[in-house]
file structure.txt (compact mmCIF, C-alpha atoms and all ligand atoms)
# COMPACT_ATOMS: atom_id res chain seq x y z
CA MET A 1 0.00 0.00 0.00
CA GLN A 2 1.50 3.26 -1.15
CA ASP A 3 0.72 5.60 1.71
CA CYS A 4 0.85 3.08 4.52
CA ILE A 5 3.42 3.92 7.19
CA PHE A 6 3.92 0.27 8.21
CA CYS A 7 4.37 -0.85 4.57
CA LYS A 8 7.06 1.85 4.32
CA ILE A 9 8.74 0.60 7.50
CA ILE A 10 8.66 -2.97 6.15
CA LYS A 11 10.25 -1.80 2.88
CA GLY A 12 12.91 0.12 4.82
CA GLU A 13 11.70 3.47 3.49
CA ILE A 14 11.03 4.72 7.04
CA PRO A 15 13.56 3.80 9.74
CA SER A 16 12.53 1.65 12.69
CA LYS A 17 14.19 -0.38 15.41
CA LEU A 18 13.63 -3.86 13.99
CA VAL A 19 13.93 -6.60 16.61
CA TYR A 20 12.77 -9.60 14.57
CA GLU A 21 11.91 -10.42 10.97
CA ASP A 22 11.08 -13.42 8.85
CA GLU A 23 9.32 -14.05 5.56
CA ASP A 24 5.85 -13.44 7.01
CA PHE A 25 6.16 -10.62 9.53
CA VAL A 26 8.39 -8.14 11.34
CA ILE A 27 8.59 -6.87 14.93
CA PHE A 28 9.81 -3.36 15.69
CA ASN A 29 9.70 -0.91 18.59
CA ASP A 30 6.65 1.33 18.86
CA ILE A 31 7.71 4.94 18.31
CA ASN A 32 5.53 6.14 21.20
CA PRO A 33 5.73 3.35 23.81
CA LYS A 34 2.78 2.88 26.17
CA ALA A 35 4.76 0.52 28.43
CA LYS A 36 8.42 0.08 29.34
CA LEU A 37 8.64 -2.39 26.46
CA HIS A 38 6.30 -1.86 23.53
CA TYR A 39 6.73 -3.71 20.23
CA LEU A 40 4.54 -4.02 17.16
CA ALA A 41 4.26 -7.34 15.30
CA VAL A 42 3.27 -6.55 11.72
CA PRO A 43 2.54 -8.95 8.84
CA ARG A 44 4.42 -8.05 5.67
CA LYS A 45 1.16 -8.34 3.73
CA HIS A 46 -1.06 -5.29 4.01
CA PHE A 47 -4.45 -5.72 5.66
CA ALA A 48 -6.18 -2.76 7.25
CA VAL A 49 -8.24 -4.86 9.68
CA LEU A 50 -8.91 -8.52 10.45
CA ALA A 51 -12.07 -8.37 8.34
CA GLU A 52 -9.93 -7.85 5.22
CA MET A 53 -8.06 -11.11 5.63
CA GLU A 54 -8.85 -13.85 3.18
CA LYS A 55 -9.01 -17.58 3.80
CA GLN A 56 -5.48 -18.19 2.52
CA ASP A 57 -4.12 -15.54 4.92
CA GLU A 58 -5.46 -17.08 8.11
CA PHE A 59 -2.21 -18.96 8.81
CA LEU A 60 -0.41 -15.64 9.25
CA LEU A 61 -1.94 -14.76 12.61
CA GLY A 62 -1.30 -18.27 13.91
CA ARG A 63 2.32 -18.01 12.84
CA ILE A 64 2.78 -14.67 14.59
CA LEU A 65 1.02 -15.81 17.77
CA SER A 66 3.06 -18.99 17.98
CA LYS A 67 6.39 -17.22 17.27
CA ILE A 68 6.03 -14.50 19.92
CA PRO A 69 6.47 -16.85 22.94
CA THR A 70 9.74 -18.15 21.46
CA LEU A 71 11.08 -14.57 21.48
CA GLN A 72 10.35 -13.85 25.17
CA GLN A 73 14.01 -13.80 26.22
CA LYS A 74 15.20 -11.84 23.19
CA LEU A 75 12.53 -9.20 23.77
CA GLY A 76 12.94 -9.03 27.57
CA LEU A 77 9.45 -10.36 28.19
CA GLU A 78 10.25 -13.27 30.52
CA ASN A 79 7.89 -11.86 33.17
CA GLY A 80 4.95 -11.90 30.79
CA TYR A 81 3.43 -9.62 28.23
CA ARG A 82 0.16 -8.35 26.88
CA LEU A 83 -1.05 -8.55 23.27
CA ILE A 84 -3.51 -6.00 21.90
CA VAL A 85 -5.10 -5.72 18.46
CA ASN A 86 -7.06 -2.51 17.97
CA GLN A 87 -9.73 -2.77 15.27
CA LYS A 88 -11.57 0.06 13.57
CA GLY A 89 -15.18 -0.91 13.04
CA GLU A 90 -17.47 -0.54 10.03
CA CYS A 91 -19.21 2.45 11.59
CA GLY A 92 -16.71 3.91 14.02
CA ASN A 93 -13.35 3.68 15.75
CA ASP A 94 -14.05 2.97 19.44
CA ALA A 95 -10.72 1.09 19.74
CA CYS A 96 -8.85 4.10 18.28
CA GLN A 97 -6.92 2.14 15.65
CA GLU A 98 -4.54 4.75 14.29
CA VAL A 99 -2.52 2.84 11.67
CA MET A 100 -4.63 0.96 9.13
CA HIS A 101 -2.21 -1.94 8.63
CA LEU A 102 -3.01 -4.88 10.88
CA HIS A 103 -0.62 -5.11 13.82
CA ILE A 104 -0.34 -6.72 17.22
CA HIS A 105 0.89 -4.60 20.11
CA ILE A 106 3.24 -6.46 22.46
CA LEU A 107 3.49 -4.72 25.83
CA GLY A 108 5.59 -5.66 28.84
CA GLY A 109 8.67 -4.89 30.91
CA GLU A 110 6.56 -3.72 33.83
CA LYS A 111 3.40 -4.63 35.76
CA LEU A 112 0.48 -3.56 33.60
CA SER A 113 -2.86 -2.56 35.04
CA MET A 114 -6.03 -3.49 33.17
P1 LIG B 201 -2.98 1.58 16.74
O1 LIG B 201 -3.57 2.75 17.48
O2 LIG B 201 -3.21 1.69 15.26
O3 LIG B 201 -3.39 0.25 17.30
O4 LIG B 201 -1.42 1.66 17.00
C1 LIG B 201 -0.52 2.25 16.12
C2 LIG B 201 0.81 2.33 16.82
O5 LIG B 201 1.79 2.64 15.87
C3 LIG B 201 0.87 3.42 17.92
O6 LIG B 201 1.20 2.82 19.17
C4 LIG B 201 1.95 4.36 17.42
O7 LIG B 201 2.77 4.86 18.45
C5 LIG B 201 2.73 3.49 16.45
N1 LIG B 201 3.34 4.23 15.35
C6 LIG B 201 2.76 5.18 14.57
N2 LIG B 201 3.61 5.64 13.65
C7 LIG B 201 4.78 4.96 13.84
C8 LIG B 201 6.05 4.98 13.18
O8 LIG B 201 6.30 5.73 12.23
N3 LIG B 201 7.01 4.15 13.67
C9 LIG B 201 6.78 3.30 14.71
N4 LIG B 201 7.78 2.52 15.10
N5 LIG B 201 5.59 3.23 15.34
C10 LIG B 201 4.61 4.06 14.92
ZN ZN B 202 0.53 -1.38 4.99

call {"tool": "encode", "arguments": {"input": "structure.txt", "output": "structure tokens", "more": "lines below"}}
Ligand code: 5GP
Ligand code: ZN
result
Amino acid sequence: MQDCIFCKIIKGEIPSKLVYEDEDFVIFNDINPKAKLHYLAVPRKHFAVLAEMEKQDEFLLGRILSKIPTLQQKLGLENGYRLIVNQKGECGNDACQEVMHLHIHILGGEKLSM
């Protein structure tokens, strides 16, 4: 997607602190961290929201969710972490999704309140 900030980060057109990458997705530091450690796991393929994913793309989320626990030590998340996926809805944006390229927030490094 031409004007998508995360597509540009994935292509290396915008700098980011990349902490993991493979053929399906990347993980980089959030530019405005909401916890001591705040990463974003982002599929290389552009989807705005979950609803845009097609049948053949379903494996992607499973791959990301199963890879994250193997990176706990590397990411400093041995004490646990929280995953968040904000989703803009058809009629509004109650979850305040700001970047319209599907991503999973990974938060940790401190005790998080609900
Ligand atoms: P959302 O509100 O869409 O779930 O979260 C988007 C996240 O992307 C925010 O936490 C925001 O700080 C982060 N973000 C926005 N622009 C950039 C950027 O250019 N680089 C990085 N690393 N993170 C960004
Ligand atoms: Zn994108």

call {"tool": "closest_residue", "arguments": {"input": "structure.txt", "among": "A:Val26, A:Leu77, A:Val49, A:Met114", "to": "Asn93 of chain A", "atoms": "all atoms listed in the file"}}
result
A:Val49

call {"tool": "residues_near_ligand", "arguments": {"input": "structure.txt", "ligand": "ligand LIG 201 (chain B)", "cutoff": "7 Å", "atoms": "all atoms listed in the file", "output": "list in words"}}
result
Ile5, Ser16, Phe28, Asn29, Asp30, Ile31, Asn32, Pro33, Val85, Asn86, Cys96, Gln97, Glu98, Val99, Met100 and His103 of chain A

call {"tool": "write_last_selection", "arguments": {"input": "structure.txt", "atoms": "C-alpha atoms", "output": "mmCIF file, keeping the file's coordinate frame"}}
result
data_model
loop_
_atom_site.group_PDB
_atom_site.id
_atom_site.type_symbol
_atom_site.label_atom_id
_atom_site.label_comp_id
_atom_site.auth_asym_id
_atom_site.auth_seq_id
_atom_site.Cartn_x
_atom_site.Cartn_y
_atom_site.Cartn_z
ATOM 1 C CA ILE A 5 3.420 3.920 7.190
ATOM 2 C CA SER A 16 12.530 1.650 12.690
ATOM 3 C CA PHE A 28 9.810 -3.360 15.690
ATOM 4 C CA ASN A 29 9.700 -0.910 18.590
ATOM 5 C CA ASP A 30 6.650 1.330 18.860
ATOM 6 C CA ILE A 31 7.710 4.940 18.310
ATOM 7 C CA ASN A 32 5.530 6.140 21.200
ATOM 8 C CA PRO A 33 5.730 3.350 23.810
ATOM 9 C CA VAL A 85 -5.100 -5.720 18.460
ATOM 10 C CA ASN A 86 -7.060 -2.510 17.970
ATOM 11 C CA CYS A 96 -8.850 4.100 18.280
ATOM 12 C CA GLN A 97 -6.920 2.140 15.650
ATOM 13 C CA GLU A 98 -4.540 4.750 14.290
ATOM 14 C CA VAL A 99 -2.520 2.840 11.670
ATOM 15 C CA MET A 100 -4.630 0.960 9.130
ATOM 16 C CA HIS A 103 -0.620 -5.110 13.820
#

call {"tool": "residues_near_ligand", "arguments": {"input": "structure.txt", "ligand": "ligand ZN 202 (chain B)", "cutoff": "9 Å", "atoms": "all atoms listed in the file", "output": "VMD selection string"}}
result
chain A and resid 1 to 10 42 to 48 99 to 102

call {"tool": "closest_residue", "arguments": {"input": "structure.txt", "among": "A:Ile64, A:Leu71, A:Cys91, A:Met53", "to": "Phe25 of chain A", "atoms": "all atoms listed in the file"}}
result
A:Ile64

call {"tool": "closest_residue", "arguments": {"input": "structure.txt", "among": "A:Ile84, A:Leu18, A:Ile106, A:Leu60", "to": "Gln72 of chain A", "atoms": "only C-alpha atoms"}}
result
A:Ile106

call {"tool": "closest_residue", "arguments": {"input": "structure.txt", "among": "A:Gly109, A:Val19, A:Lys11, A:Asp24", "to": "Gly76 of chain A", "atoms": "only C-alpha atoms"}}
result
A:Gly109

call {"tool": "axis_aligned_box", "arguments": {"input": "structure.txt", "around": "segment 95-100 of chain A", "padding_each_side": "4 Å", "output": "JSON"}}
result
{"center_x": -6.6, "center_y": 2.9, "center_z": 14.4, "size_x": 16.2, "size_y": 11.8, "size_z": 18.6}

call {"tool": "closest_residue", "arguments": {"input": "structure.txt", "among": "A:Leu37, A:Ile104, A:Ile27, A:Leu83", "to": "Leu50 of chain A", "atoms": "all atoms listed in the file"}}
result
A:Ile104

call {"tool": "closest_residue", "arguments": {"input": "structure.txt", "among": "A:Ser113, A:Gln87, A:Ser66, A:Gln73", "to": "Lys34 of chain A", "atoms": "only C-alpha atoms"}}
result
A:Ser113
